[in-house]
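The next block holds one structure in the form of structure tokens; read it before the comments.
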Amino acid sequence: MADIELRSTAFSGETFIPRTYARDGDNLSPPLSWSGVPQEAAELLLLCEDPDAPRGTFLHWLVTGIDPASGGVEAGQTPPGGTPLTNGFGDRGWGGPHPPPGDRAHRYFFRLYALPGPVSLRDGATTGEVHSAVDDRQLASGTLYGLYER
């Protein structure tokens with residue numbers, strides 16, 4: 001399986017995500033760019049999850065149907081062609097980092113999957129449901145993670 005290179009100009013892997021992208025900041029989705037998407041990909045799926053959340057892995061962002069030729073997304077925008085689904089806060093689209101005050105820094109994993117066809121997910125799907133739907137079907141994937149604490 002091929003790897004997609006997923007990057008952000010706002011933070012690099014394993015560094016802190018600026019407050020402007022957090023729920024207690026401006027709550028803007030961070031800018032992301034990617035390369036290495038296989039030509040046979042029909043769509044991309046973007047997921048942001050916090051595995052350190054107190055009640056289990058928390059879904060911060062889920063976008064399906066992204067144009068595989070897009071190459072990225074600007075801050076505060078929906079990826080081209082994408083459909084944002086409901087996040088763990090109950091909102092459609094991005095819901096920025098918001099760990100409990102005093103917790104150690106949480107990890108926020110941004111995962112981009114190249115898929116051979118559309119994926120069927122219910123609005124409000126859990127991270128487990130997303131992984132079940134894409135893990136065995138993906139043509140390639142890329143991961144970037146950052147940290148955040150309050």
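Ligands are numbered from 1 in the order shown, chains are lettered A, B, ... in the order of the structure tokens, and residues start at 1 in each chain.
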*asked:* Give me, as a PyMOL selection string, all polymer residues having an atom no more than 10 Å from Gln77 (chain A), counting only C-alpha atoms and skipping those fewer than 4 positions away in the same chain.
replied: chain A and resi 28-31+73+93-94
*Skip region 41-48 of chain A itself and residues of its chain fewer than 2 positions away, then list as a PyMOL selection string all residues within 8 Å of it, counting only C-alpha atoms.*
chain A and resi 37-39+50+59-68+108-118+139
*Non-local contacts of Glu5 (chain A) (8 Å; only C-alpha atoms; under 2 positions in same chain excluded) as a PyMOL selection string*: chain A and resi 3+7+34-36+142-143
*Compile the contact shell of Gly128 (chain A) as a list in words: residues with an atom at most 12 Å away, counting only C-alpha atoms, same-chain residues fewer than 6 positions apart removed.*
Leu47, Glu49, Pro51, Gly56, Thr57, Phe58, Leu59, Leu121, Val134 and Asp135 of chain A
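With only C-alpha atoms as the atoms that count, the residue of A:Pro100, A:Gly25, A:Gly82, A:Gly146 with the shortest distance to Arg55 (chain A) is A:Pro100.
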*Gly96 (chain A) surroundings by only C-alpha atoms, 6 Å radius, close-in-sequence under 4 positions cut, as a list in words*: Tyr21, Ala22, Arg23 and Asn27 of chain A
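Coordinates place CA of Tyr145 (chain A) at a distance of 7.7 Å from CA of Ser12 (chain A).
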Name the residues of region 11-145 of chain A that fall into strand (DSSP E) according to DSSP on the backbone, using the chain letters and numbers of this document, as a short mmCIF file (atom, residue, chain, number, x, y, z; two decimals) with all heavy atoms, in the first residue's frame.
```cif
data_model
loop_
_atom_site.label_atom_id
_atom_site.label_comp_id
_atom_site.auth_asym_id
_atom_site.auth_seq_id
_atom_site.Cartn_x
_atom_site.Cartn_y
_atom_site.Cartn_z
N LEU A 32 -4.24 22.11 5.23
CA LEU A 32 -3.58 20.82 4.98
C LEU A 32 -3.25 20.71 3.50
O LEU A 32 -3.96 21.25 2.65
CB LEU A 32 -4.51 19.65 5.35
CG LEU A 32 -4.95 19.54 6.81
CD1 LEU A 32 -6.03 18.47 6.95
CD2 LEU A 32 -3.76 19.22 7.70
N SER A 33 -2.17 20.02 3.21
CA SER A 33 -1.84 19.71 1.83
C SER A 33 -1.41 18.25 1.77
O SER A 33 -0.98 17.68 2.77
CB SER A 33 -0.74 20.63 1.28
OG SER A 33 0.44 20.48 2.02
N TRP A 34 -1.56 17.66 0.59
CA TRP A 34 -1.20 16.26 0.44
C TRP A 34 -0.68 15.98 -0.96
O TRP A 34 -0.96 16.70 -1.91
CB TRP A 34 -2.37 15.34 0.78
CG TRP A 34 -3.67 15.67 0.12
CD1 TRP A 34 -4.08 15.37 -1.15
CD2 TRP A 34 -4.77 16.38 0.71
NE1 TRP A 34 -5.35 15.83 -1.38
CE2 TRP A 34 -5.80 16.46 -0.25
CE3 TRP A 34 -4.98 16.96 1.96
CZ2 TRP A 34 -7.02 17.08 -0.01
CZ3 TRP A 34 -6.20 17.57 2.21
CH2 TRP A 34 -7.20 17.63 1.24
N SER A 35 0.10 14.92 -1.04
CA SER A 35 0.62 14.45 -2.32
C SER A 35 0.77 12.94 -2.23
O SER A 35 0.74 12.36 -1.14
CB SER A 35 1.97 15.11 -2.64
OG SER A 35 2.92 14.81 -1.63
N GLU A 43 -12.03 8.79 -4.60
CA GLU A 43 -12.31 9.85 -3.63
C GLU A 43 -11.36 9.73 -2.45
O GLU A 43 -10.72 8.70 -2.26
CB GLU A 43 -13.75 9.82 -3.15
CG GLU A 43 -14.10 8.73 -2.18
CD GLU A 43 -15.51 8.91 -1.60
OE1 GLU A 43 -16.47 9.11 -2.35
OE2 GLU A 43 -15.62 8.83 -0.36
N LEU A 44 -11.30 10.81 -1.68
CA LEU A 44 -10.51 10.83 -0.45
C LEU A 44 -11.46 11.02 0.73
O LEU A 44 -12.53 11.61 0.60
CB LEU A 44 -9.51 11.99 -0.46
CG LEU A 44 -8.52 12.03 -1.61
CD1 LEU A 44 -7.66 13.28 -1.53
CD2 LEU A 44 -7.65 10.78 -1.63
N LEU A 45 -11.04 10.52 1.87
CA LEU A 45 -11.77 10.71 3.11
C LEU A 45 -10.79 11.27 4.13
O LEU A 45 -9.66 10.78 4.25
CB LEU A 45 -12.34 9.38 3.60
CG LEU A 45 -13.10 9.41 4.92
CD1 LEU A 45 -14.28 8.45 4.86
CD2 LEU A 45 -12.21 9.08 6.10
N LEU A 46 -11.19 12.31 4.83
CA LEU A 46 -10.35 12.96 5.84
C LEU A 46 -10.99 12.78 7.20
O LEU A 46 -12.20 13.02 7.38
CB LEU A 46 -10.20 14.45 5.52
CG LEU A 46 -9.38 15.29 6.48
CD1 LEU A 46 -7.93 14.82 6.55
CD2 LEU A 46 -9.45 16.76 6.07
N LEU A 47 -10.18 12.39 8.17
CA LEU A 47 -10.62 12.14 9.53
C LEU A 47 -9.65 12.82 10.48
O LEU A 47 -8.44 12.79 10.26
CB LEU A 47 -10.60 10.62 9.77
CG LEU A 47 -10.72 10.09 11.19
CD1 LEU A 47 -12.14 10.29 11.70
CD2 LEU A 47 -10.36 8.61 11.21
N CYS A 48 -10.17 13.46 11.54
CA CYS A 48 -9.32 13.93 12.63
C CYS A 48 -9.90 13.35 13.91
O CYS A 48 -11.10 13.51 14.19
CB CYS A 48 -9.28 15.45 12.71
SG CYS A 48 -8.27 16.03 14.12
N GLU A 49 -9.05 12.68 14.68
CA GLU A 49 -9.50 12.01 15.89
C GLU A 49 -8.53 12.22 17.04
O GLU A 49 -7.34 12.41 16.83
CB GLU A 49 -9.70 10.52 15.62
CG GLU A 49 -8.45 9.80 15.16
CD GLU A 49 -8.69 8.37 14.73
OE1 GLU A 49 -9.64 7.73 15.23
OE2 GLU A 49 -7.93 7.89 13.88
N ASP A 50 -9.09 12.19 18.26
CA ASP A 50 -8.31 12.33 19.50
C ASP A 50 -8.44 11.03 20.28
O ASP A 50 -9.46 10.79 20.93
CB ASP A 50 -8.86 13.50 20.32
CG ASP A 50 -8.28 13.59 21.73
OD1 ASP A 50 -7.34 12.84 22.06
OD2 ASP A 50 -8.78 14.43 22.51
N PHE A 58 -12.30 10.42 20.19
CA PHE A 58 -13.27 11.48 19.87
C PHE A 58 -13.07 11.94 18.43
O PHE A 58 -11.95 12.19 18.00
CB PHE A 58 -13.08 12.65 20.83
CG PHE A 58 -14.17 13.68 20.76
CD1 PHE A 58 -15.30 13.55 21.55
CD2 PHE A 58 -14.07 14.77 19.92
CE1 PHE A 58 -16.32 14.49 21.49
CE2 PHE A 58 -15.07 15.72 19.86
CZ PHE A 58 -16.20 15.58 20.65
N LEU A 59 -14.18 12.05 17.70
CA LEU A 59 -14.16 12.48 16.30
C LEU A 59 -14.25 14.00 16.21
O LEU A 59 -15.23 14.59 16.65
CB LEU A 59 -15.34 11.85 15.56
CG LEU A 59 -15.50 12.23 14.09
CD1 LEU A 59 -14.36 11.68 13.25
CD2 LEU A 59 -16.84 11.74 13.57
N HIS A 60 -13.22 14.63 15.63
CA HIS A 60 -13.19 16.09 15.48
C HIS A 60 -13.55 16.55 14.07
O HIS A 60 -13.99 17.68 13.89
CB HIS A 60 -11.81 16.64 15.86
CG HIS A 60 -11.60 16.65 17.33
ND1 HIS A 60 -11.93 17.72 18.12
CD2 HIS A 60 -11.12 15.70 18.17
CE1 HIS A 60 -11.65 17.44 19.37
NE2 HIS A 60 -11.17 16.22 19.43
N TRP A 61 -13.32 15.69 13.08
CA TRP A 61 -13.60 16.10 11.70
C TRP A 61 -13.73 14.86 10.85
O TRP A 61 -12.91 13.95 10.93
CB TRP A 61 -12.44 16.95 11.19
CG TRP A 61 -12.71 17.88 10.05
CD1 TRP A 61 -13.92 18.28 9.54
CD2 TRP A 61 -11.72 18.55 9.27
NE1 TRP A 61 -13.73 19.17 8.51
CE2 TRP A 61 -12.38 19.36 8.33
CE3 TRP A 61 -10.33 18.56 9.28
CZ2 TRP A 61 -11.72 20.16 7.40
CZ3 TRP A 61 -9.66 19.35 8.38
CH2 TRP A 61 -10.34 20.15 7.45
N LEU A 62 -14.76 14.82 10.02
CA LEU A 62 -14.94 13.74 9.06
C LEU A 62 -15.50 14.35 7.78
O LEU A 62 -16.57 14.96 7.80
CB LEU A 62 -15.90 12.68 9.61
CG LEU A 62 -16.22 11.51 8.67
CD1 LEU A 62 -14.95 10.77 8.24
CD2 LEU A 62 -17.20 10.56 9.34
N VAL A 63 -14.74 14.19 6.70
CA VAL A 63 -15.15 14.71 5.39
C VAL A 63 -15.01 13.57 4.38
O VAL A 63 -13.94 12.98 4.26
CB VAL A 63 -14.29 15.92 4.96
CG1 VAL A 63 -14.82 16.49 3.64
CG2 VAL A 63 -14.26 17.00 6.03
N THR A 64 -16.09 13.29 3.67
CA THR A 64 -16.07 12.24 2.65
C THR A 64 -16.20 12.88 1.26
O THR A 64 -16.55 14.05 1.14
CB THR A 64 -17.24 11.25 2.86
OG1 THR A 64 -18.47 11.96 2.74
CG2 THR A 64 -17.16 10.58 4.22
N GLY A 65 -15.91 12.09 0.24
CA GLY A 65 -16.11 12.54 -1.14
C GLY A 65 -15.15 13.60 -1.64
O GLY A 65 -15.45 14.30 -2.60
N ILE A 66 -13.99 13.72 -1.04
CA ILE A 66 -13.02 14.75 -1.43
C ILE A 66 -12.42 14.40 -2.80
O ILE A 66 -12.08 13.25 -3.07
CB ILE A 66 -11.90 14.87 -0.38
CG1 ILE A 66 -12.49 15.23 0.99
CG2 ILE A 66 -10.84 15.89 -0.80
CD1 ILE A 66 -11.51 15.07 2.15
N GLY A 72 -5.17 19.59 -1.39
CA GLY A 72 -5.17 20.24 -0.09
C GLY A 72 -6.39 21.08 0.17
O GLY A 72 -7.31 21.15 -0.65
N VAL A 73 -6.37 21.73 1.33
CA VAL A 73 -7.48 22.58 1.76
C VAL A 73 -6.92 23.75 2.58
O VAL A 73 -5.99 23.57 3.36
CB VAL A 73 -8.52 21.76 2.57
CG1 VAL A 73 -7.90 21.14 3.82
CG2 VAL A 73 -9.73 22.60 2.93
N THR A 83 -17.85 16.40 1.56
CA THR A 83 -19.07 16.56 2.34
C THR A 83 -18.72 16.38 3.81
O THR A 83 -18.34 15.28 4.22
CB THR A 83 -20.13 15.50 1.94
OG1 THR A 83 -20.43 15.66 0.56
CG2 THR A 83 -21.39 15.64 2.77
N PRO A 84 -18.82 17.45 4.61
CA PRO A 84 -18.51 17.31 6.03
C PRO A 84 -19.67 16.63 6.76
O PRO A 84 -20.84 16.94 6.52
CB PRO A 84 -18.35 18.76 6.51
CG PRO A 84 -19.08 19.59 5.52
CD PRO A 84 -19.10 18.83 4.23
N HIS A 106 -3.13 16.27 24.51
CA HIS A 106 -3.78 15.22 23.71
C HIS A 106 -3.18 15.21 22.31
O HIS A 106 -2.70 16.22 21.80
CB HIS A 106 -5.28 15.49 23.60
CG HIS A 106 -6.05 15.16 24.84
ND1 HIS A 106 -7.36 14.74 24.81
CD2 HIS A 106 -5.70 15.17 26.14
CE1 HIS A 106 -7.78 14.52 26.03
NE2 HIS A 106 -6.79 14.79 26.87
N ARG A 107 -3.24 14.04 21.69
CA ARG A 107 -2.77 13.87 20.32
C ARG A 107 -3.96 13.95 19.37
O ARG A 107 -4.99 13.31 19.62
CB ARG A 107 -2.07 12.52 20.16
CG ARG A 107 -0.83 12.37 21.02
CD ARG A 107 -0.36 10.93 21.06
NE ARG A 107 -1.40 10.12 21.70
CZ ARG A 107 -1.56 8.81 21.50
NH1 ARG A 107 -0.76 8.16 20.68
NH2 ARG A 107 -2.52 8.14 22.12
N TYR A 108 -3.80 14.69 18.29
CA TYR A 108 -4.85 14.85 17.29
C TYR A 108 -4.31 14.31 15.98
O TYR A 108 -3.39 14.88 15.39
CB TYR A 108 -5.29 16.32 17.18
CG TYR A 108 -5.93 16.74 18.48
CD1 TYR A 108 -5.15 17.21 19.53
CD2 TYR A 108 -7.29 16.57 18.67
CE1 TYR A 108 -5.73 17.53 20.75
CE2 TYR A 108 -7.88 16.90 19.89
CZ TYR A 108 -7.09 17.37 20.92
OH TYR A 108 -7.65 17.68 22.13
N PHE A 109 -4.89 13.18 15.56
CA PHE A 109 -4.44 12.49 14.35
C PHE A 109 -5.32 12.90 13.17
O PHE A 109 -6.53 12.69 13.20
CB PHE A 109 -4.50 10.98 14.53
CG PHE A 109 -3.43 10.44 15.42
CD1 PHE A 109 -3.62 10.39 16.79
CD2 PHE A 109 -2.24 9.99 14.89
CE1 PHE A 109 -2.63 9.90 17.63
CE2 PHE A 109 -1.24 9.49 15.72
CZ PHE A 109 -1.43 9.45 17.09
N PHE A 110 -4.68 13.46 12.15
CA PHE A 110 -5.33 13.77 10.89
C PHE A 110 -4.97 12.61 9.96
O PHE A 110 -3.80 12.31 9.76
CB PHE A 110 -4.81 15.08 10.31
CG PHE A 110 -5.20 16.28 11.12
CD1 PHE A 110 -4.50 16.62 12.27
CD2 PHE A 110 -6.28 17.07 10.75
CE1 PHE A 110 -4.86 17.71 13.03
CE2 PHE A 110 -6.65 18.17 11.50
CZ PHE A 110 -5.94 18.50 12.65
N ARG A 111 -6.00 11.96 9.43
CA ARG A 111 -5.78 10.79 8.56
C ARG A 111 -6.50 11.03 7.23
O ARG A 111 -7.69 11.39 7.22
CB ARG A 111 -6.29 9.52 9.22
CG ARG A 111 -5.65 9.25 10.57
CD ARG A 111 -6.13 7.92 11.14
NE ARG A 111 -5.84 7.77 12.55
CZ ARG A 111 -4.67 7.41 13.06
NH1 ARG A 111 -3.65 7.18 12.25
NH2 ARG A 111 -4.50 7.28 14.35
N LEU A 112 -5.77 10.84 6.15
CA LEU A 112 -6.34 10.99 4.82
C LEU A 112 -6.27 9.63 4.13
O LEU A 112 -5.20 9.02 4.07
CB LEU A 112 -5.57 12.04 4.02
CG LEU A 112 -6.14 12.38 2.66
CD1 LEU A 112 -7.46 13.15 2.80
CD2 LEU A 112 -5.14 13.20 1.85
N TYR A 113 -7.41 9.18 3.63
CA TYR A 113 -7.50 7.88 2.96
C TYR A 113 -7.86 8.06 1.50
O TYR A 113 -8.80 8.79 1.19
CB TYR A 113 -8.57 7.00 3.62
CG TYR A 113 -8.30 6.67 5.06
CD1 TYR A 113 -8.83 7.45 6.09
CD2 TYR A 113 -7.52 5.58 5.41
CE1 TYR A 113 -8.59 7.15 7.42
CE2 TYR A 113 -7.27 5.26 6.74
CZ TYR A 113 -7.82 6.05 7.74
OH TYR A 113 -7.58 5.75 9.05
N ALA A 114 -7.16 7.36 0.61
CA ALA A 114 -7.52 7.28 -0.80
C ALA A 114 -8.35 6.01 -0.97
O ALA A 114 -7.92 4.93 -0.58
CB ALA A 114 -6.27 7.22 -1.67
N LEU A 115 -9.53 6.18 -1.57
CA LEU A 115 -10.46 5.06 -1.69
C LEU A 115 -10.80 4.78 -3.16
O LEU A 115 -10.84 5.71 -3.97
CB LEU A 115 -11.74 5.37 -0.91
CG LEU A 115 -11.53 5.63 0.58
CD1 LEU A 115 -12.80 6.18 1.22
CD2 LEU A 115 -11.06 4.37 1.29
N ALA A 140 -4.37 3.91 -0.28
CA ALA A 140 -3.23 4.57 0.34
C ALA A 140 -3.76 5.43 1.48
O ALA A 140 -4.95 5.75 1.53
CB ALA A 140 -2.49 5.45 -0.67
N SER A 141 -2.87 5.83 2.38
CA SER A 141 -3.27 6.72 3.46
C SER A 141 -2.08 7.53 3.92
O SER A 141 -0.92 7.19 3.65
CB SER A 141 -3.86 5.93 4.63
OG SER A 141 -2.88 5.11 5.22
N GLY A 142 -2.38 8.61 4.60
CA GLY A 142 -1.35 9.46 5.19
C GLY A 142 -1.83 9.95 6.54
O GLY A 142 -3.03 10.12 6.76
N THR A 143 -0.90 10.16 7.46
CA THR A 143 -1.24 10.59 8.81
C THR A 143 -0.32 11.72 9.23
O THR A 143 0.88 11.72 8.96
CB THR A 143 -1.10 9.41 9.81
OG1 THR A 143 -1.96 8.35 9.41
CG2 THR A 143 -1.45 9.85 11.22
N LEU A 144 -0.91 12.69 9.91
CA LEU A 144 -0.19 13.81 10.52
C LEU A 144 -0.80 13.99 11.89
O LEU A 144 -2.03 13.95 12.02
CB LEU A 144 -0.38 15.08 9.67
CG LEU A 144 0.09 16.40 10.28
CD1 LEU A 144 1.61 16.46 10.37
CD2 LEU A 144 -0.45 17.56 9.46
N TYR A 145 0.04 14.17 12.91
CA TYR A 145 -0.59 14.47 14.19
C TYR A 145 0.10 15.61 14.88
O TYR A 145 1.28 15.87 14.72
CB TYR A 145 -0.73 13.23 15.09
CG TYR A 145 0.42 12.86 15.97
CD1 TYR A 145 0.54 13.42 17.24
CD2 TYR A 145 1.36 11.92 15.59
CE1 TYR A 145 1.57 13.05 18.09
CE2 TYR A 145 2.38 11.54 16.42
CZ TYR A 145 2.49 12.12 17.68
OH TYR A 145 3.51 11.74 18.51
#
```
_Residues flagged helix (DSSP H, G or I) by DSSP in chain A, as a count of residues only_ = 11
*In terms of the shortest atom-to-atom distance over only C-alpha atoms, which of A:Arg104, A:Arg122, A:Ala10, A:Thr127 is closest to Asp52 (chain A)?*
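For Asp52 (chain A), the nearest of the given residues is A:Arg104.
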*Separation of CA of Leu147 (chain A) and CA of Glu74 (chain A), in Å?*
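If I compute the distance from CA of Leu147 (chain A) to CA of Glu74 (chain A), I get 19.9 Å.
With only C-alpha atoms as the atoms that count, the minimum distance from Arg92 (chain A) to the choices A:Gly124, A:Thr9, A:Ala53, A:Gly76 is reached by A:Gly124.
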*Pick out the closest residue to Glu149 (chain A) from this set: A:Ala105, A:Leu85, A:Ile4, A:Ile17. Count only C-alpha atoms.*
A:Ala105
*asked:* Here is a test: counting only C-alpha atoms, which residue of A:Arg150, A:Thr126, A:Asp26, A:Pro18 is nearest to Phe89 (chain A)?
replied: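 Closest to Phe89 (chain A), using only C-alpha atoms: A:Thr126.
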